[in-house]
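One structure is given here, and the rest of the page talks about it.
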2 protein chains.
Amino acid sequence: MKQYLITDEWSIREDGFHSDYLRMTESIFSLGNGRIGQRGNFEEPYSSDSYPACFVAGVPYLDKTRTGWWKNGFPTYYTRIPRAANWSRIRLRLFDEELDLARWGIDSYARELSMRRGIAYRDMEVTSPRGKGLRIHVEHLTHMARPDLCLVKYQVTSLNYTGKLSLMPLIEANLKDHSEVTGERVWNLLSEGTTPHVAYMHTQTRHEDAQVCYALSYRVGKNHRETPHSPIRIEKEDTIGFSVGIDVKPGDTVSLESYVAIASSLYYERKSLVGTCTELATHARAEGWDTLMEEHCRAWEDIWDEADVTIEGDPEAQQGIRYCIFQLYQTYRGDDPRLNIGPKGFTGEKYGGNTYWNTELCCVPYFLLATSRPIAENLLRYRYNQLPQAIANARNLGIGGGAALYPQVTNNGDECHNEWEITFEEIHRNSIIIHAIIRHARTTGNMDYIASCGLEVMIAVCRYWSRRVSFSEQRGQYVILGVTGPDEYQNNVDNNWYTNYSCVQCLKSTLQAIRLIASERPEDYARICRKTGFNSAEESARWEDIIRRMYLPEDKERGIFVQNDGFLDKELCDTSAIPSEERPLNQHWSWDRILRSCYIKQADVLLGIYLYGQHFDVDTLRRNFRFYAPMTVHESSLSPHIHSILAARIGDMEQAYDLFMHATRMDLDDYNNEAEQGLHVTSMPGAWMALVSGFLQTYVIDGTLCLTPQLPPKWKGYTLRLNFRQRTLRVRVTKEEGVSVTRLSGEPLTIRVYGEERMVGE
Amino acid sequence: MKQYLITDEWSIREDGFHSDYLRMTESIFSLGNGRIGQRGNFEEPYSSDSYPACFVAGVPYLDKTRTGWWKNGFPTYYTRIPRAANWSRIRLRLFDEELDLARWGIDSYARELSMRRGIAYRDMEVTSPRGKGLRIHVEHLTHMARPDLCLVKYQVTSLNYTGKLSLMPLIEANLKDHSEVTGERVWNLLSEGTTPHVAYMHTQTRHEDAQVCYALSYRVGKNHRETPHSPIRIEKEDTIGFSVGIDVKPGDTVSLESYVAIASSLYYERKSLVGTCTELATHARAEGWDTLMEEHCRAWEDIWDEADVTIEGDPEAQQGIRYCIFQLYQTYRGDDPRLNIGPKGFTGEKYGGNTYWNTELCCVPYFLLATSRPIAENLLRYRYNQLPQAIANARNLGIGGGAALYPQVTNNGDECHNEWEITFEEIHRNSIIIHAIIRHARTTGNMDYIASCGLEVMIAVCRYWSRRVSFSEQRGQYVILGVTGPDEYQNNVDNNWYTNYSCVQCLKSTLQAIRLIASERPEDYARICRKTGFNSAEESARWEDIIRRMYLPEDKERGIFVQNDGFLDKELCDTSAIPSEERPLNQHWSWDRILRSCYIKQADVLLGIYLYGQHFDVDTLRRNFRFYAPMTVHESSLSPHIHSILAARIGDMEQAYDLFMHATRMDLDDYNNEAEQGLHVTSMPGAWMALVSGFLQTYVIDGTLCLTPQLPPKWKGYTLRLNFRQRTLRVRVTKEEGVSVTRLSGEPLTIRVYGEERMVGE
């Protein structure tokens with residue numbers, strides 16, 4: 001845990017420079033708008049330890065798979081969103097010195113990330129090695145309303161310097177990134193150039209020919225007035241931009257506004273990319289800082305109008321949950337089904353910006369209830385569009401017949417990960433995709449998506465399950481052998497309860513959907529049968545048989561589900577038995593030691609009980625929670641919010657609150673000593689889920705929205721919006737006044753609060 | 001299976017050029033003398049598909065570990081014996097053409113590898129693209145009596161060519177090999193040069209500074225007489241040697257003898273390496289071809305005197321078993337405890353020339369009985385010398401207290417492999433090291449080695465086991481979780497019967513040895529206790545408890561031991577259910593599919609029954625054999641001979657014979673479609689073991705050598721030597737005359753044949 005950031009309900013603030021934590025701070029202060037992402041690195045060069053990076057959504061590089069020892073079935077390439085050009089570089093030079101915070105004296109220093117406005121500020125007073133003092137103010141934003149735009153204002157006041165002060169807004173190509181396997185460069189430089197007003201750089205990732213053009217225009221002023229100047233154009237192989245020299249004396253302020261457009265071939269024709277991009281930059285400059293800033297802040301206002309959650313009486317929780325929501329919207333706009341959300345978003349290279357099951361587990365449930373826009377549906381469509389590759393993937397692993405295994409890690413639909421115990425065996429991921437489809441239907445109250453797309457996915461996934469199970473003669477039951485469950489600290493196990501149970505649920509809900517579509521939308525049904533070759537009689541019978549005879553490991557005496565065969569042979573102990581210097585385990589123990597220990601990386605049996613909550617009574621939940629929670633180390637970000645939800649359900653609000661705070665401030669407080677690698681973006685909705693599914697206990701039962709609100713003892717109250725079946729509701733829970741639910745749009749609606757029906761009329 | 005080689009009892013012969021099988025032929029025709037190894041590639045350049053390689057024993061390169069995804073506990077580097085310089089290159093040039101079998105016409109072609117003499121011959125008539133005809137005869141040997149020497153005779157007769165014929169004996173540095181991880185070159189070139197008589201090249205592997213010097217001298221003759229000539233010295237960065245031009249007309253024969261010395265820093269001072277090496281080459285040239293050849297053949301005669309096995313009535317078996325013995329002695333001289341035997345010897349790069357448990361499983365039992373020299377003891381000492389690293393290895397994996405886990409793969413004693421399911425979990429390897437020590441004592445009849453070295457190893461291994469087991473409260477028994485057994489087609493399983501059983505045997509035999517040493521050699525015992533800190537009371541009690549309460553999975557109904565927990569939940573089927581085009585499985589099925597299938601890569605339960613054979617009655621063996629053998633695919637070379645031995649024991653001589661042939665001709669007939677990568681050198685003793693432990697049923701029971709000979713129906717008889725407790729016996733089994741055992745050296749001895757005592761007096 002690192003706690004050096006200042007608690008503030010609407011901002012993240014650092015007071016004083018913590019160079020040891022710079023990589024973490026760079027993660028925390030990341031900016032983005034769903035199309036472009038920028039770690040919070042300094043605009044100017046920094047010669048000490050730092051991890052600067054920028055990313056462009058949907059621009060992948062297909063790297064050759066790197067393995068130690070090849071396993072049959074591995075994919076041939078690994079996809080990743082590579083670091084893009086550094087588009088917001090600004091160098092600051094005095095006569096014979098250049099700003100570098102690693103070498104200059106820092107007399108005062110403060111950063112702020114305004115979540116309300118989506119702007120990062122930096123204010124500092126610095127002294128050069130030769131004693132020249134400057135005051136610097138920086139504002140940086142990635143434009144929320146114009147997703148191709150990034151703006152930086154860099155303002156320098158001389159404290160005691162007289163002479164020429166040069167500011168150099170630059171775009172620096174990232175030509176250093178190489179494939180570690182082939183040695184080839186990730187980026188090709190296609191062209192670059194400058195005119196008096198704009199500099200551009202046109203690049204391309206190898207193999208995919210995904211193209212990105214960057215164009216930079218700027219304004220410069222002295223003492224708040226535009227000032228005549230003769231820029232030097234900079235045109236090097238890897239750097240393009242301008243150098244603007246202004247004579248200053250103490251008290252003078254020079255201000256540079258940098259307008260950078262970033263256009264990719266995902267949204268623009270390749271051949272007009274340079275033209276479009278330079279035009280965007282030029283146009284932005286013409287519109288000017290204030291106009292663009294206002295538009296940007298309005299866009300954030302709209303987001304907060306819909307998405308804000310207020311918590312009274314707990315500023316740390318308030319800051320944390322806003323931060324989660326803020327970073328999620330910075331990563332994903334929700335308007336393009338070709339895009340998805342990487343576990344680190346655009347805040348680090350880890351996980352390559354690829355799609356994991358995290359999306360369905362955390363982001364879909366969030367967007368379903370938190371917005372009235374069809375964001376969740378776009379996430380579902382992403383998978384639908386990749387169904388052909390999921391079918392090819394299953395075939396590649398020896399399971400044909402139209403069966404689909406969705407990849408564990410993908411960008412373009414092809415599996416690209418290569419740990420056999422994950423890639424081949426963490427097959428439970430197939431279930432959450434179906435679960436998300438069902439949840440979508442349940443929350444929106446309509447079957448349109450299932451009829452048009454979803455059912456094809458469901459059938460293909462069920463076909464996978466029906467061929468992936470084995471029949472154990474010994475048990476007279478179906479078993480699922482050789483899997484890795486959600487708990488990745490147990491590999492290649494047999495009969496992971498979660499996997500077996502979720503397989504059965506996939507089969508059941510698909511059969512149900514088939515019956516419904518067949519009877520209510522016979523034309524859709526006929527089309528789907530034609531397209532998939534679904535043989536109802538034969539396939540349904542097999543699925544029914546699996547449903548009936550699936551082995552689900554249970555310990556009757558303890559009254560718990562058993563995570564997997566053999567789990568109870570382990571030496572069962574509490575996480576308190578682990579010396580604190582050995583945590584997180586994955587940074588200290590060898591892999592085999594982790595595997596044979598009882599310690600659970602993340603909710604596994606408990607995840608199943610959360611997802612299929614309506615099937616289990618509170619006593620069952622309590623017994624399982626009390627058995628598994630003490631062994632869980634939460635070394636996955638997908639875990640604490642699930643435990644928080646369940647703790648709330650069994651009424652253990654103290655534990656629920658602690659786990660909520662873990663989920664909510666995971667990165668701000670760096671629980672697992674890894675925030676420097678990037679933020680846990682796909683788990684950001686976890687904070688909200690802990691609140692909505694845990695404290696508020698939101699359920700949809702027989703089509704009715706049911707709430708059973710609780711308040712953590714510390715809180716005075718909380719307020720948020722829920723979107724349900726074309727209505728937007730405002731829910732407010734306070735200690736003083738209890739629960740109030742208001743309808744903000746849509747038809748009147750009956751809901752249940754604490755089991756009592758309540759009409760939400762206005 | 002590929003069957004293009006000619007059956008011959010003393011030779012491997014290829015008649016006609018099979019370019020498609022060239023890589024395999026290169027493996028098969030490999031030459032070596034335990035210090036240097038040479039694949040059977042052509043001396044002259046070949047521009048089509050080929051895999052030329054030479055190796056120098058004990059000259060490793062420490063490469064950085066290459067992984068896809070890092071697991072905690074992985075070693076930092078991977079050790080391998082890199083390809084050395086090509087020391088036997090000979091180019092042949094006519095006026096404007098150079099010999100290249102990929103481009104020239106081949107009018108006749110024959111190769112022979114004489115196993116009796118250890119010489120490879122090649123005879124061919126070739127026609128150049130411009131119609132020049134040559135007859136070529138090549139002889140190549142790595143000198144068995146002078147392990148630093150390699151000789152080539154290259155003899156060319158002009159059929160229709162008039163003009164200058166150039167022969168160029170060269171040493172070509174291997175500067176192309178790079179680390180795939182760091183990109184650095186494997187070899188540094190330290191110096192090179194030529195004098196009129198000798199060319200040398202001095203090289204070094206990075207990191208280790210293991211040095212190798214090569215020196216080449218030659219003689220050239222025309223029509224069987226030395227001929228005056230003016231050689232051109234060749235001195236390029238990567239090539240050193242001579243070019244010798246001789247004028248020829250049709251009918252003339254030019255003959256080049258190349259004398260190459262190869263000296264490494266393992267045996268010579270670094271600073272005198274160049275001097276020593278050039279001296280060795282010069283001296284060899286002075287002694288001349290005939291002298292050296294005679295000495296070499298005599299050395300092989302001595303080997304065959306001791307090691308030959310004759311089989312009457314089955315030339316394929318005869319050829320096969322001689323080939324196995326031949327390649328084993330080509331790989332390992334047995335006189336240097338710093339060296340061991342790589343699974344591919346010096347016939348390919350796979351497995352990096354490193355040491356695996358193969359050595360203890362196959363080579364130690366062979367050398368114990370097949371030779372009176374202390375070769376097996378040197379192999380044991382290799383492990384003893386590496387005990388400190390084995391202790392460090394266990395500590396690295398979280399198991400301290402003087403416990404040792406021997407590496408799965410090593411060159412210098414450090415673990416260097418990085419598949420977690422193997423490196424961390426295939427821990428049964430620890431047991432075979434103890435088993436080899438015990439077998440050594442049982443066969444030699446004395447405890448000297450145990451007292452001086454072995455017991456330290458045994459205690460350290462037992463300490464590992466005692467900390468690696470877990471106690472299952474549920475079962476009230478000890479369990480061993482998260483292992484990979486000998487069958488690598490099941491990973492991370494619990495309670496692999498073989499592992500659990502062999503753990504118990506380690507503990508038992510160590511306790512027994514401790515009692516013996518304590519009572520009979522109290523000084524040794526005291527020294528060992530001091531050195532290891534062995535606490536007899538406490539540690540013995542724990543070990544006894546584990547012995548008493550170890551869980552050993554069994555299926556009482558079937559009367560079998562269960563390979564591991566969950567094995568019987570698999571869909572159990574015969575290997576005949578696998579389509580032949582899908583074999584070997586590891587080249588066709590994805591890893592997860594292999595893992596969840598019932599198919600067994602190699603003897604696992606059956607290996608335990610073989611190793612601890614005296615504990616099990618024939619009925620138990622039969623039931624287990626009939627259960628497991630039909631599921632075994634033998635995709636490891638460590639398997640068929642074990643099955644053959646057990647089949648012989650249950651009297652199924654048909655299966656025993658088939659499996660013997662599999663073990664014996666594995667590479668010659670290329671059973672698993674991989675001979676091109678190199679030969680299964682460490683499994684070569686398997687052929688002999690199938691004969692001695694299977695057909696002959698050799699056992700040591702209570703110190704008495706017991707034989708229960710059988711004959712495969714096809715055979716007339718077989719003859720071999722056994723060495724047992726300072727005696728050398730000749731055993732002959734024939735259909736006509738039964739069993740005769742003759743004493744060739746040592747004191748008279750009582751043995752048992754078919755359970756009957758027999759005095760072997762002469």
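Residues are named by chain letter and number: chains run A, B, ... in the order of the structure tokens, numbers start at 1 in each chain, and ligands are numbered from 1 in the order shown.
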With 6 Å as the cut-off and only C-alpha atoms counted, what is the closest atom pair between each nearby residue of chain B and chain A? Distances in Å to one decimal, ordered by chain and number, as a Markdown table.
```
| residue | atom | partner | partner_atom | distance |
| --- | --- | --- | --- | --- |
| B:Arg66 | CA | A:Gly68 | CA | 4.9 |
| B:Thr67 | CA | A:Gly68 | CA | 3.9 |
| B:Gly68 | CA | A:Thr67 | CA | 3.9 |
| B:Asn72 | CA | A:Ser590 | CA | 4.7 |
| B:Gly73 | CA | A:Ser590 | CA | 4.4 |
| B:Leu397 | CA | A:Ser590 | CA | 5.5 |
| B:Phe424 | CA | A:Asp592 | CA | 5.9 |
| B:Ser472 | CA | A:Asp569 | CA | 4.7 |
| B:Leu481 | CA | A:Arg596 | CA | 5.8 |
| B:Gly482 | CA | A:Arg596 | CA | 5.5 |
| B:Asp569 | CA | A:Ser472 | CA | 4.8 |
| B:Ser590 | CA | A:Gly73 | CA | 4.4 |
| B:Trp591 | CA | A:Asn72 | CA | 5.6 |
| B:Asp592 | CA | A:Phe424 | CA | 5.9 |
| B:Arg596 | CA | A:Gly482 | CA | 5.6 |
```
Please report as JSON lines every residue of segment 212-314 of chain A lying within 10 Å of segment 98-120 of chain A, along with the nearest atom pair and their distance in Å (one decimal), using only C-alpha atoms.
```
{"residue": "A:Met293", "atom": "CA", "partner": "A:Arg117", "partner_atom": "CA", "distance": 9.2}
{"residue": "A:Glu294", "atom": "CA", "partner": "A:Arg117", "partner_atom": "CA", "distance": 9.5}
{"residue": "A:His296", "atom": "CA", "partner": "A:Arg117", "partner_atom": "CA", "distance": 7.7}
{"residue": "A:Cys297", "atom": "CA", "partner": "A:Arg117", "partner_atom": "CA", "distance": 5.1}
{"residue": "A:Arg298", "atom": "CA", "partner": "A:Arg117", "partner_atom": "CA", "distance": 8.3}
{"residue": "A:Ala299", "atom": "CA", "partner": "A:Arg117", "partner_atom": "CA", "distance": 8.7}
{"residue": "A:Trp300", "atom": "CA", "partner": "A:Arg117", "partner_atom": "CA", "distance": 6.0}
{"residue": "A:Glu301", "atom": "CA", "partner": "A:Arg116", "partner_atom": "CA", "distance": 7.1}
{"residue": "A:Ile303", "atom": "CA", "partner": "A:Arg116", "partner_atom": "CA", "distance": 9.4}
{"residue": "A:Trp304", "atom": "CA", "partner": "A:Arg116", "partner_atom": "CA", "distance": 7.5}
{"residue": "A:Asp308", "atom": "CA", "partner": "A:Arg116", "partner_atom": "CA", "distance": 9.8}
```
File of the preceding selection, N, CA, C and O atoms, as an mmCIF file, in the first residue's frame:
```
data_model
loop_
_atom_site.group_PDB
_atom_site.id
_atom_site.type_symbol
_atom_site.label_atom_id
_atom_site.label_comp_id
_atom_site.auth_asym_id
_atom_site.auth_seq_id
_atom_site.Cartn_x
_atom_site.Cartn_y
_atom_site.Cartn_z
ATOM 1 N N MET A 293 -11.819 23.995 -24.729
ATOM 2 C CA MET A 293 -11.835 23.646 -23.312
ATOM 3 C C MET A 293 -13.267 23.588 -22.796
ATOM 4 O O MET A 293 -13.650 22.659 -22.069
ATOM 5 N N GLU A 294 -14.037 24.549 -23.200
ATOM 6 C CA GLU A 294 -15.425 24.601 -22.758
ATOM 7 C C GLU A 294 -16.197 23.362 -23.244
ATOM 8 O O GLU A 294 -16.924 22.721 -22.491
ATOM 9 N N HIS A 296 -14.975 20.517 -24.050
ATOM 10 C CA HIS A 296 -14.449 19.337 -23.333
ATOM 11 C C HIS A 296 -15.091 19.217 -21.946
ATOM 12 O O HIS A 296 -15.570 18.144 -21.563
ATOM 13 N N CYS A 297 -15.151 20.330 -21.238
ATOM 14 C CA CYS A 297 -15.697 20.268 -19.889
ATOM 15 C C CYS A 297 -17.191 19.945 -19.917
ATOM 16 O O CYS A 297 -17.712 19.237 -19.048
ATOM 17 N N ARG A 298 -17.874 20.445 -20.952
ATOM 18 C CA ARG A 298 -19.292 20.127 -21.090
ATOM 19 C C ARG A 298 -19.478 18.625 -21.296
ATOM 20 O O ARG A 298 -20.384 18.004 -20.742
ATOM 21 N N ALA A 299 -18.611 18.054 -22.088
ATOM 22 C CA ALA A 299 -18.714 16.610 -22.326
ATOM 23 C C ALA A 299 -18.561 15.847 -21.000
ATOM 24 O O ALA A 299 -19.300 14.889 -20.733
ATOM 25 N N TRP A 300 -17.620 16.277 -20.190
ATOM 26 C CA TRP A 300 -17.453 15.613 -18.898
ATOM 27 C C TRP A 300 -18.654 15.878 -17.981
ATOM 28 O O TRP A 300 -19.074 14.991 -17.230
ATOM 29 N N GLU A 301 -19.201 17.068 -18.080
ATOM 30 C CA GLU A 301 -20.395 17.366 -17.294
ATOM 31 C C GLU A 301 -21.515 16.379 -17.616
ATOM 32 O O GLU A 301 -22.185 15.857 -16.722
ATOM 33 N N ILE A 303 -21.209 13.400 -18.826
ATOM 34 C CA ILE A 303 -20.898 12.072 -18.285
ATOM 35 C C ILE A 303 -21.228 12.022 -16.795
ATOM 36 O O ILE A 303 -21.892 11.101 -16.320
ATOM 37 N N TRP A 304 -20.787 13.029 -16.076
ATOM 38 C CA TRP A 304 -21.021 13.002 -14.626
ATOM 39 C C TRP A 304 -22.499 13.108 -14.282
ATOM 40 O O TRP A 304 -22.959 12.502 -13.313
ATOM 41 N N ASP A 308 -22.392 9.955 -12.132
ATOM 42 C CA ASP A 308 -21.823 10.247 -10.813
ATOM 43 C C ASP A 308 -22.528 9.469 -9.706
ATOM 44 O O ASP A 308 -23.729 9.200 -9.761
#
```
Margin query: Under the rule that only C-alpha atoms are counted, which of B:Thr510, B:Gln319, B:Thr194, B:Thr355 is the nearest residue to Trp543 of chain B?
Written below: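 Closest to Trp543 of chain B of all the choices is B:Thr510.
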Margin query: Need the shell around Thr632 of chain A: protein/DNA/RNA residues with any atom at most 10 Å away, counting only C-alpha atoms. Skip same-chain ones fewer than 5 positions apart. Format as a ChimeraX atom specification?
Written below: /A:487,574-575,598-604,627,639-640,643
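A straight line drawn from atom CA of Thr25 of chain B to atom CA of Phe346 of chain B is 14.4 Å long.
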Next item on the list: Run DSSP on the backbone and grab whatever in segment 290-420 of chain B lands in strand (DSSP E or B); send it over as a list of chain:residue names.
Entry: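 Across segment 290-420 of chain B, those assigned strand (DSSP E or B) are B:Thr310, B:Ile311, B:Glu312, B:Thr355, B:Thr410, B:Glu415.
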Next item on the list: Using only C-alpha atoms, determine which residues lie at most 10 Å from Asp209 of chain A, disregarding the query and same-chain residues fewer than 6 positions distant; provide the list as a VMD selection string.
Entry: chain A and resid 59 to 61 187 to 188 203 265 270
Notebook entry, point to check: At what distance in Å, to one decimal, does atom CA of Arg91 of chain A lie from atom CA of Ser128 of chain A?
Noted result: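 That distance, rounded to one decimal, is 14.2 Å.
For the atom pair formed by atom CA of Gly533 of chain A and atom CA of Met550 of chain A, the distance is 25.5 Å, given to one decimal.
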For Lys556 of chain A, list every protein, DNA or RNA residue within 12 Å, evaluated using only C-alpha atoms, and leave out those in the same chain fewer than 6 positions away; present the list as a PDB file with N, CA, C and O atoms, in the first residue's frame.
```pdb
ATOM      1  N   VAL A 562     -17.244 -27.658  -3.453  1.00  0.00           N
ATOM      2  CA  VAL A 562     -15.786 -27.833  -3.398  1.00  0.00           C
ATOM      3  C   VAL A 562     -15.178 -27.251  -4.663  1.00  0.00           C
ATOM      4  O   VAL A 562     -15.597 -27.584  -5.773  1.00  0.00           O
ATOM      5  N   THR A 620     -26.416 -21.069   2.538  1.00  0.00           N
ATOM      6  CA  THR A 620     -25.424 -21.686   1.645  1.00  0.00           C
ATOM      7  C   THR A 620     -24.336 -20.684   1.331  1.00  0.00           C
ATOM      8  O   THR A 620     -23.143 -20.999   1.375  1.00  0.00           O
ATOM      9  N   ARG A 623     -22.070 -20.181   4.436  1.00  0.00           N
ATOM     10  CA  ARG A 623     -21.131 -21.282   4.681  1.00  0.00           C
ATOM     11  C   ARG A 623     -19.961 -21.247   3.689  1.00  0.00           C
ATOM     12  O   ARG A 623     -18.806 -21.411   4.066  1.00  0.00           O
ATOM     13  N   ASN A 624     -20.289 -21.033   2.441  1.00  0.00           N
ATOM     14  CA  ASN A 624     -19.225 -21.000   1.438  1.00  0.00           C
ATOM     15  C   ASN A 624     -18.324 -19.784   1.633  1.00  0.00           C
ATOM     16  O   ASN A 624     -17.102 -19.882   1.513  1.00  0.00           O
TER      17      ASN A 624
END
```
Next item on the list: Name all residues at most 9 Å from Cys213 of chain B (count only C-alpha atoms; drop same-chain ones fewer than 4 positions away) and give them as number ranges by chain.
Entry: B: 200-204, 261-265, 273-274, 277-278
Near Gly320 of chain A, within 10 Å and counting only C-alpha atoms, which residues show up once chain neighbours fewer than 5 positions away are dropped, as a PDB file with C-alpha atoms, in the first residue's frame?
```pdb
ATOM      1  CA  THR A   7      -7.893  12.838  -0.558  1.00  0.00           C
ATOM      2  CA  ASP A   8     -10.223  15.182  -2.409  1.00  0.00           C
ATOM      3  CA  GLU A   9     -13.699  14.348  -3.584  1.00  0.00           C
ATOM      4  CA  TRP A  10     -13.223  15.604  -7.138  1.00  0.00           C
ATOM      5  CA  SER A  11      -9.513  15.531  -7.688  1.00  0.00           C
ATOM      6  CA  ILE A  12      -6.416  13.428  -7.406  1.00  0.00           C
ATOM      7  CA  ASP A 314     -16.549   9.241   3.446  1.00  0.00           C
ATOM      8  CA  PRO A 315     -14.293  11.410   1.265  1.00  0.00           C
ATOM      9  CA  ILE A 325     -15.810   5.881 -13.035  1.00  0.00           C
ATOM     10  CA  PHE A 326     -13.524   8.571 -14.425  1.00  0.00           C
ATOM     11  CA  PHE A 660     -15.449  -2.212  -1.136  1.00  0.00           C
ATOM     12  CA  MET A 661     -12.585   0.102  -0.214  1.00  0.00           C
ATOM     13  CA  HIS A 662     -10.109  -2.420  -1.583  1.00  0.00           C
ATOM     14  CA  ALA A 663     -11.992  -2.520  -4.878  1.00  0.00           C
ATOM     15  CA  THR A 664     -12.512   1.231  -4.915  1.00  0.00           C
ATOM     16  CA  ARG A 665      -9.030   2.423  -4.043  1.00  0.00           C
ATOM     17  CA  MET A 666      -7.071  -0.531  -5.428  1.00  0.00           C
ATOM     18  CA  ASP A 667      -4.887   1.669  -7.583  1.00  0.00           C
ATOM     19  CA  LEU A 668      -4.988   4.901  -5.604  1.00  0.00           C
ATOM     20  CA  ASP A 669      -3.616   3.031  -2.591  1.00  0.00           C
ATOM     21  CA  MET A 684     -12.946  -0.090 -12.140  1.00  0.00           C
ATOM     22  CA  ALA A 687     -16.405  -0.288  -6.959  1.00  0.00           C
TER      23      ALA A 687
END
```
Note to self: Using DSSP assignments from the backbone, pull out every residue in segment 148-277 of chain A that falls under helix (DSSP H, G or I) and give it to me as a ChimeraX atom specification.
What the structure shows: /A:270-277
Notebook entry, point to check: Between B:Thr205, B:Thr253, B:Asn385, B:Gln614, which has the minimum distance to Asp414 of chain B (counting only C-alpha atoms)?
Noted result: B:Asn385
Item checked: Residue nearest Ile514 of chain A - candidates A:Asn174, A:Thr331, A:Gln408, A:Asn535, atoms counted: only C-alpha atoms ->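 That would be A:Asn535, the residue with the smallest distance to Ile514 of chain A.
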